[in-house]
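Dumped structure39.txt below, it's compact mmCIF, C-alpha atoms:
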# COMPACT_ATOMS: atom_id res chain seq x y z
CA MET A 206 50.11 -6.53 -24.17
CA THR A 207 49.32 -5.47 -27.72
CA GLU A 208 52.22 -3.84 -29.59
CA ASN A 209 51.76 -1.36 -32.44
CA GLN A 210 54.53 0.09 -34.55
CA GLY A 211 55.37 3.62 -33.37
CA PRO A 212 56.31 6.56 -35.58
CA ALA A 213 59.72 6.69 -37.24
CA HIS A 214 62.72 7.80 -35.24
CA LYS A 215 62.95 11.57 -35.52
CA ARG A 216 66.16 12.61 -33.83
CA ASP A 217 69.74 11.66 -33.08
CA MET A 218 69.57 9.83 -29.79
CA THR A 219 73.29 9.13 -29.41
CA ARG A 220 74.10 12.47 -27.83
CA ARG A 221 74.30 12.68 -24.07
CA ARG A 222 71.52 14.26 -22.03
CA VAL A 223 72.20 16.07 -18.77
CA ILE A 224 69.77 15.78 -15.87
CA LEU A 225 69.94 16.63 -12.18
CA ALA A 226 70.53 13.64 -9.96
CA GLY A 227 68.52 15.25 -7.19
CA GLY A 228 65.34 15.18 -9.24
CA ALA A 229 65.76 12.65 -12.02
CA ALA A 230 68.30 9.99 -11.09
CA VAL A 231 67.65 7.11 -8.75
CA VAL A 232 70.01 7.23 -5.78
CA ALA A 233 70.58 4.13 -3.66
CA ALA A 234 69.61 4.78 -0.04
CA GLY A 235 71.84 4.33 2.95
CA VAL A 236 75.25 4.69 1.31
CA GLY A 237 77.75 5.47 4.04
CA ALA A 238 80.13 3.86 6.49
CA GLY A 239 79.97 0.09 6.35
CA VAL A 240 77.97 0.07 3.13
CA VAL A 241 79.20 -1.39 -0.14
CA ALA A 242 78.19 0.71 -3.14
CA THR A 243 78.78 -0.04 -6.80
CA ALA A 244 78.34 2.45 -9.64
CA SER A 245 79.34 2.87 -13.25
CA ALA A 246 82.28 5.05 -14.27
CA ASP A 247 79.86 7.63 -15.66
CA GLU A 248 78.06 7.95 -12.32
CA GLU A 249 81.27 8.13 -10.30
CA GLY A 250 82.78 10.74 -12.60
CA SER A 251 79.73 12.98 -12.59
CA ALA A 252 79.43 12.83 -8.81
CA ALA A 253 82.85 14.48 -8.61
CA SER A 254 81.83 17.45 -10.74
CA GLY A 255 81.88 19.88 -7.85
CA THR A 256 78.13 20.50 -7.63
CA LYS A 257 76.26 20.39 -4.34
CA ALA A 258 75.48 17.05 -2.71
CA GLY A 259 72.24 15.68 -4.11
CA GLN A 260 72.50 17.99 -7.13
CA ALA A 261 75.35 16.32 -9.03
CA GLU A 262 74.85 16.42 -12.79
CA VAL A 263 74.48 12.96 -14.29
CA CYS A 264 74.44 12.27 -18.02
CA TYR A 265 72.40 9.51 -19.61
CA ARG A 266 72.37 8.13 -23.10
CA LEU A 267 69.56 6.12 -24.61
CA THR A 268 69.64 2.87 -22.63
CA SER A 269 70.92 -0.10 -24.65
CA GLU A 270 68.38 -2.35 -26.34
CA THR A 271 68.92 -6.10 -25.92
CA THR A 272 67.22 -9.33 -26.87
CA GLU A 273 63.97 -10.33 -25.22
CA GLY A 274 65.21 -13.89 -24.80
CA PRO A 275 62.99 -16.95 -25.09
CA TYR A 276 61.46 -16.82 -21.61
CA TYR A 277 59.23 -13.72 -21.68
CA ILE A 278 55.63 -14.23 -20.58
CA ASP A 279 53.04 -11.50 -20.97
CA ALA A 280 51.39 -12.60 -17.74
CA ASP A 281 50.03 -9.20 -16.72
CA LYS A 282 50.83 -9.87 -13.06
CA ILE A 283 50.51 -6.32 -11.76
CA ARG A 284 52.42 -6.43 -8.49
CA LYS A 285 55.33 -4.99 -6.55
CA ASP A 286 56.44 -8.14 -4.71
CA ILE A 287 57.33 -10.87 -7.22
CA THR A 288 59.22 -13.27 -4.92
CA GLU A 289 56.43 -15.81 -4.25
CA ASP A 290 58.49 -17.13 -1.31
CA LYS A 291 61.50 -17.99 -3.47
CA GLU A 292 64.67 -18.26 -1.40
CA GLY A 293 67.48 -15.81 -1.97
CA ILE A 294 69.04 -12.50 -0.95
CA PRO A 295 66.30 -9.83 -0.77
CA LEU A 296 66.59 -7.29 -3.59
CA THR A 297 64.78 -3.97 -3.78
CA LEU A 298 64.87 -2.80 -7.39
CA ARG A 299 64.26 0.95 -7.81
CA LEU A 300 63.78 2.04 -11.41
CA LYS A 301 63.14 5.37 -13.08
CA VAL A 302 62.03 5.79 -16.68
CA ILE A 303 62.71 9.03 -18.56
CA ASP A 304 62.30 10.28 -22.12
CA SER A 305 65.89 10.28 -23.36
CA ASP A 306 65.20 13.29 -25.59
CA THR A 307 63.59 15.59 -23.01
CA CYS A 308 64.86 13.94 -19.80
CA LYS A 309 61.30 14.21 -18.46
CA PRO A 310 59.90 11.27 -16.49
CA LEU A 311 57.50 8.90 -18.23
CA LYS A 312 54.45 8.44 -16.05
CA LYS A 313 52.02 5.52 -16.36
CA ALA A 314 54.52 3.51 -18.38
CA ALA A 315 54.22 -0.24 -17.75
CA VAL A 316 57.54 -1.76 -16.63
CA ASP A 317 57.98 -5.55 -16.80
CA ILE A 318 60.79 -7.42 -15.07
CA TRP A 319 61.56 -11.13 -15.05
CA HIS A 320 64.58 -13.18 -14.04
CA CYS A 321 65.75 -16.61 -12.92
CA ASP A 322 65.82 -17.80 -9.32
CA ALA A 323 68.91 -18.31 -7.14
CA LEU A 324 69.79 -21.51 -9.03
CA GLY A 325 69.22 -20.25 -12.56
CA ILE A 326 65.67 -21.51 -13.12
CA TYR A 327 62.93 -19.46 -14.85
CA SER A 328 59.30 -19.78 -13.86
CA GLY A 329 57.13 -21.02 -16.70
CA TYR A 330 60.15 -22.87 -18.13
CA GLU A 331 61.40 -25.00 -15.26
CA SER A 332 61.90 -28.13 -17.37
CA MET A 333 63.85 -26.15 -19.99
CA SER A 334 66.05 -24.04 -17.73
CA GLN A 335 67.11 -26.59 -15.12
CA GLY A 336 69.46 -29.49 -15.57
CA GLY A 337 71.39 -31.45 -12.99
CA PRO A 338 72.78 -30.31 -9.62
CA GLY A 339 72.77 -26.55 -9.26
CA GLY A 340 70.25 -26.06 -12.06
CA GLY A 341 70.35 -23.43 -14.74
CA THR A 342 72.19 -25.27 -17.51
CA PRO A 343 71.19 -24.38 -21.07
CA PRO A 344 69.31 -26.68 -23.42
CA SER A 345 71.20 -29.56 -24.97
CA GLY A 346 72.82 -29.00 -28.32
CA ALA A 347 74.56 -25.76 -27.33
CA PRO A 348 77.53 -24.80 -29.56
CA THR A 349 81.11 -25.15 -28.36
CA ASP A 350 82.52 -22.13 -30.21
CA ALA A 351 82.16 -19.69 -27.32
CA PRO A 352 84.24 -16.48 -27.30
CA THR A 353 87.65 -16.71 -25.68
CA GLY A 354 87.45 -16.64 -21.90
CA THR A 355 83.85 -17.79 -21.62
CA PRO A 356 82.72 -21.27 -20.59
CA THR A 357 82.08 -23.68 -23.45
CA GLY A 358 78.49 -24.58 -24.13
CA THR A 359 76.98 -21.09 -24.25
CA PRO A 360 73.26 -21.06 -24.99
CA PRO A 361 72.35 -21.22 -28.67
CA SER A 362 70.19 -18.61 -30.32
CA GLY A 363 67.00 -18.95 -28.32
CA GLY A 364 68.83 -20.25 -25.23
CA PRO A 365 68.22 -18.97 -21.70
CA GLY A 366 68.31 -15.19 -21.58
CA GLY A 367 69.83 -14.88 -25.04
CA GLY A 368 68.42 -14.03 -28.44
CA GLY A 369 66.39 -16.00 -30.90
CA GLY A 370 62.77 -17.03 -30.98
CA HIS A 371 60.28 -17.14 -28.16
CA SER A 372 59.61 -20.45 -26.40
CA GLU A 373 56.17 -21.41 -25.20
CA PRO A 374 55.84 -21.88 -21.41
CA THR A 375 56.07 -25.44 -20.12
CA ASP A 376 54.44 -24.92 -16.70
CA ASP A 377 52.08 -22.59 -14.82
CA GLU A 378 54.63 -21.07 -12.40
CA ARG A 379 55.03 -17.29 -12.56
CA TYR A 380 57.43 -16.41 -9.71
CA LEU A 381 59.98 -13.62 -10.21
CA ARG A 382 57.82 -11.93 -12.84
CA GLY A 383 55.76 -8.77 -12.55
CA THR A 384 54.58 -5.49 -14.00
CA GLN A 385 53.96 -2.06 -12.48
CA LEU A 386 53.05 1.40 -13.72
CA THR A 387 55.47 4.26 -13.14
CA ASP A 388 54.26 7.10 -10.93
CA GLN A 389 54.12 10.77 -11.93
CA HIS A 390 57.87 11.04 -11.38
CA GLY A 391 58.67 8.00 -13.54
CA PHE A 392 59.50 5.74 -10.60
CA VAL A 393 58.64 2.11 -9.97
CA GLU A 394 59.93 -0.27 -7.29
CA PHE A 395 59.97 -4.07 -7.17
CA THR A 396 60.62 -6.46 -4.29
CA THR A 397 62.42 -9.58 -5.48
CA ILE A 398 65.58 -11.64 -4.85
CA PHE A 399 69.12 -11.35 -6.17
CA PRO A 400 69.20 -13.52 -9.32
CA GLY A 401 71.44 -16.55 -9.68
CA TRP A 402 73.30 -17.58 -12.82
CA TYR A 403 73.22 -20.24 -15.50
CA GLN A 404 75.74 -21.43 -18.05
CA GLY A 405 76.77 -18.87 -20.65
CA ARG A 406 75.25 -15.71 -19.12
CA ALA A 407 76.27 -13.24 -16.45
CA VAL A 408 73.77 -12.49 -13.68
CA HIS A 409 70.99 -10.30 -15.12
CA ILE A 410 67.35 -9.19 -14.97
CA HIS A 411 65.17 -8.72 -18.06
CA THR A 412 62.96 -5.66 -18.50
CA LYS A 413 60.46 -4.15 -20.93
CA VAL A 414 58.86 -0.69 -20.96
CA HIS A 415 55.43 -0.28 -22.57
CA VAL A 416 53.73 3.05 -23.33
CA GLY A 417 50.46 4.20 -24.86
CA GLY A 418 48.30 1.50 -23.28
CA LYS A 419 45.94 1.48 -20.32
CA MET A 420 45.21 -0.58 -17.27
CA THR A 421 42.15 -2.86 -17.50
CA ASP A 422 40.69 -5.67 -15.41
CA ALA A 423 42.75 -8.06 -17.52
CA GLY A 424 45.99 -6.11 -17.00
CA TYR A 425 47.86 -3.58 -19.14
CA GLU A 426 46.45 -3.53 -22.64
CA GLY A 427 47.34 -1.75 -25.90
CA GLY A 428 50.19 0.60 -26.71
CA HIS A 429 53.62 -0.60 -27.75
CA THR A 430 56.94 -1.70 -26.28
CA CYS A 431 59.44 1.17 -26.46
CA HIS A 432 62.32 -0.56 -24.68
CA THR A 433 63.58 -4.10 -24.11
CA GLY A 434 66.70 -4.41 -22.03
CA GLN A 435 68.57 -6.21 -19.28
CA PHE A 436 70.01 -5.10 -15.93
CA PHE A 437 73.44 -6.29 -14.83
CA PHE A 438 75.36 -6.59 -11.57
CA ALA A 439 78.93 -5.65 -10.63
CA GLU A 440 81.23 -8.65 -10.36
CA SER A 441 82.08 -7.87 -6.73
CA ALA A 442 78.42 -8.06 -5.74
CA VAL A 443 77.94 -11.37 -7.57
CA LEU A 444 80.99 -12.83 -5.78
CA ASP A 445 79.50 -11.73 -2.47
CA SER A 446 76.19 -13.40 -3.32
CA ALA A 447 77.97 -16.64 -4.23
CA LYS A 448 79.03 -16.98 -0.58
CA GLU A 449 75.42 -17.15 0.60
CA GLU A 450 72.82 -19.90 0.49
CA PRO A 451 71.28 -21.10 -1.77
CA TYR A 452 73.66 -19.54 -4.34
CA ALA A 453 76.63 -21.33 -2.77
CA THR A 454 75.10 -24.71 -3.65
CA SER A 455 75.17 -24.02 -7.41
CA THR A 456 77.63 -26.14 -9.38
CA THR A 457 77.00 -24.28 -12.64
CA THR A 458 80.01 -22.59 -14.25
CA ARG A 459 79.54 -18.83 -13.91
CA THR A 460 80.07 -16.32 -16.73
CA THR A 461 81.56 -13.01 -15.59
CA LEU A 462 80.29 -9.59 -16.61
CA THR A 463 83.24 -9.02 -18.97
CA GLU A 464 82.64 -12.40 -20.62
CA ASP A 465 78.92 -11.89 -21.19
CA THR A 466 77.90 -11.64 -24.86
CA ILE A 467 74.80 -9.51 -24.21
CA TYR A 468 76.16 -6.81 -21.87
CA ASP A 469 77.85 -4.12 -24.01
CA GLN A 470 80.32 -3.02 -21.29
CA SER A 471 78.97 0.57 -21.31
CA GLY A 472 78.12 0.88 -17.63
CA VAL A 473 74.80 2.44 -16.70
CA THR A 474 73.92 2.95 -20.38
CA GLY A 475 74.17 -0.81 -20.86
CA GLY A 476 72.01 -1.57 -17.84
CA LEU A 477 74.59 -1.79 -15.04
CA LEU A 478 72.76 -1.30 -11.75
CA LYS A 479 73.93 0.88 -8.89
CA LEU A 480 73.95 -1.40 -5.84
CA SER A 481 74.21 -0.82 -2.12
CA TYR A 482 74.25 -3.24 0.78
CA ARG A 483 75.71 -3.48 4.26
CA LYS A 484 79.32 -4.66 4.20
CA GLY A 485 79.48 -8.24 5.40
CA GLY A 486 75.70 -8.35 5.57
CA LYS A 487 74.57 -8.80 2.00
CA ALA A 488 72.30 -11.66 3.03
CA ARG A 489 70.09 -9.10 4.78
CA GLY A 490 69.30 -7.33 1.52
CA VAL A 491 70.50 -5.30 -1.47
CA THR A 492 69.16 -2.16 -3.12
CA GLY A 493 69.62 -1.83 -6.88
CA SER A 494 68.75 1.29 -8.85
CA ILE A 495 69.02 2.72 -12.35
CA THR A 496 67.49 5.38 -14.61
CA MET A 497 66.42 4.12 -18.02
CA GLY A 498 66.48 6.55 -20.93
CA VAL A 499 63.96 5.41 -23.54
CA ASP A 500 62.40 6.80 -26.71
CA PRO A 501 58.61 6.49 -26.28
CA ASP A 502 58.07 6.99 -30.03
CA GLU A 503 60.12 3.92 -30.98
CA THR A 504 59.15 0.26 -30.90
CA HIS A 505 61.73 -2.17 -29.48
CA ASP A 506 60.25 -5.55 -28.62
CA GLY A 507 63.62 -7.31 -28.50
CA THR A 508 62.59 -10.17 -30.79
CA GLY A 509 64.66 -9.13 -33.80
CA LEU A 510 68.06 -8.89 -32.11
Produce structure tokens that represent the structure in this file.
Amino acid sequence: MTENQGPAHKRDMTRRRVILAGGAAVVAAGVGAGVVATASADEEGSAASGTKAGQAEVCYRLTSETTEGPYYIDADKIRKDITEDKEGIPLTLRLKVIDSDTCKPLKKAAVDIWHCDALGIYSGYESMSQGGPGGGTPPSGAPTDAPTGTPTGTPPSGGPGGGGGHSEPTDDERYLRGTQLTDQHGFVEFTTIFPGWYQGRAVHIHTKVHVGGKMTDAGYEGGHTCHTGQFFFAESAVLDSAKEEPYATSTTTRTTLTEDTIYDQSGVTGGLLKLSYRKGGKARGVTGSITMGVDPDETHDGTGL
């Protein structure tokens, strides 16, 4: 995907924007008796505002920008189902993209997602991201000066899922990667698996949003990247996943959400997903959802963070 510098930022994007959840927020389906639901403090607070069910006012800030990480591949795999038979807990990822200034949905925006498998391995970089039983250990030479409370040996700049320069792929695998165009309401949905973890990072999914391009026989071409971010998972949901196979076989030390150096602890603004799954039956599947507020006039490719 070709990226061109967009026009200069024209407005203060730190103020909150108010939209109606019934028409512009993604709501996880099936929340009720026997269903575990996670949400950010912002979502929970707004739902108690006294408005009618399905019409609760939800505020969104500009979604946090994060690093691209070294494992992005512009593979132009336009598809909904990105699992390629990888084992893991089924995950339906429901995303909505809106203009954070107008709160209007962005249609025909290209949304990329990519993440590691249940044992912390990235397609295209299997030899770099695996290491020993359980997989998912970072490259050798990682520093030992990790922040207090995190495991030692966090990935260096350029390590798995972190910042730094891009690494060239080492293999032809492309599982757990895909791109789709948003519909007229700004929605896109992916079928994947619940990600695993690797040393130094909390469980996460990478994403990019591209605008101004067009679909061709070769994939999505032109335009620019207006958002690069990551989605995160509530600690309770990760603990539930760790009880299931193949996640339970991992011997890699896990970094919690509060220990992660990329997640900014801001809830939905920072990429925290709203999750729902049947209590005691997470292995049967999870639904994750979020609304991303982006500035289509900006360029954020995530390589300079």
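Distances here use only C-alpha atoms; by that measure, the residue among A:Thr375, A:Thr456, A:Thr421, A:Gln435 closest to A:Gly507 is A:Gln435.
Of the residues under consideration (A:Gly325, A:Gly274, A:Gly417, A:Gly475), A:Gly325 shows the shortest atom-to-atom contact distance to A:Thr457 when counting all atoms listed in the file.
Atom to atom, atom CA of A:Ser494 and atom CA of A:Glu450 stand 23.5 Å apart.
Minimum atom-to-atom distances from A:Thr458, A:Thr396, A:Thr433, A:Thr271 to A:Tyr380 were compared using all atoms listed in the file, and the lowest value belongs to A:Thr396.
Between atom CA of A:Ile287 and atom CA of A:Leu267 the interatomic distance comes to 27.2 Å.
Picture a line from atom CA of A:Gln404 to atom CA of A:Met333; it runs 12.9 Å.
For A:Ile283, the non-local neighbours within 8 Å, defined as residues at least 5 positions apart in the same chain or in other chains and counting all atoms listed in the file, are A:Gly383, A:Thr384, A:Gln385, A:Gly424.
Of the residues listed (A:Thr307, A:Ala453, A:Phe437, A:Thr496), A:Phe437 shows the shortest atom-to-atom separation from A:Gln470; distances use all atoms listed in the file.
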Surrounding residues of A:Thr243 excluding itself and chain neighbours under 3 positions, 9 Å, all atoms listed in the file, as a PyMOL selection string:
chain A and resi 438-439+441-442+478-481
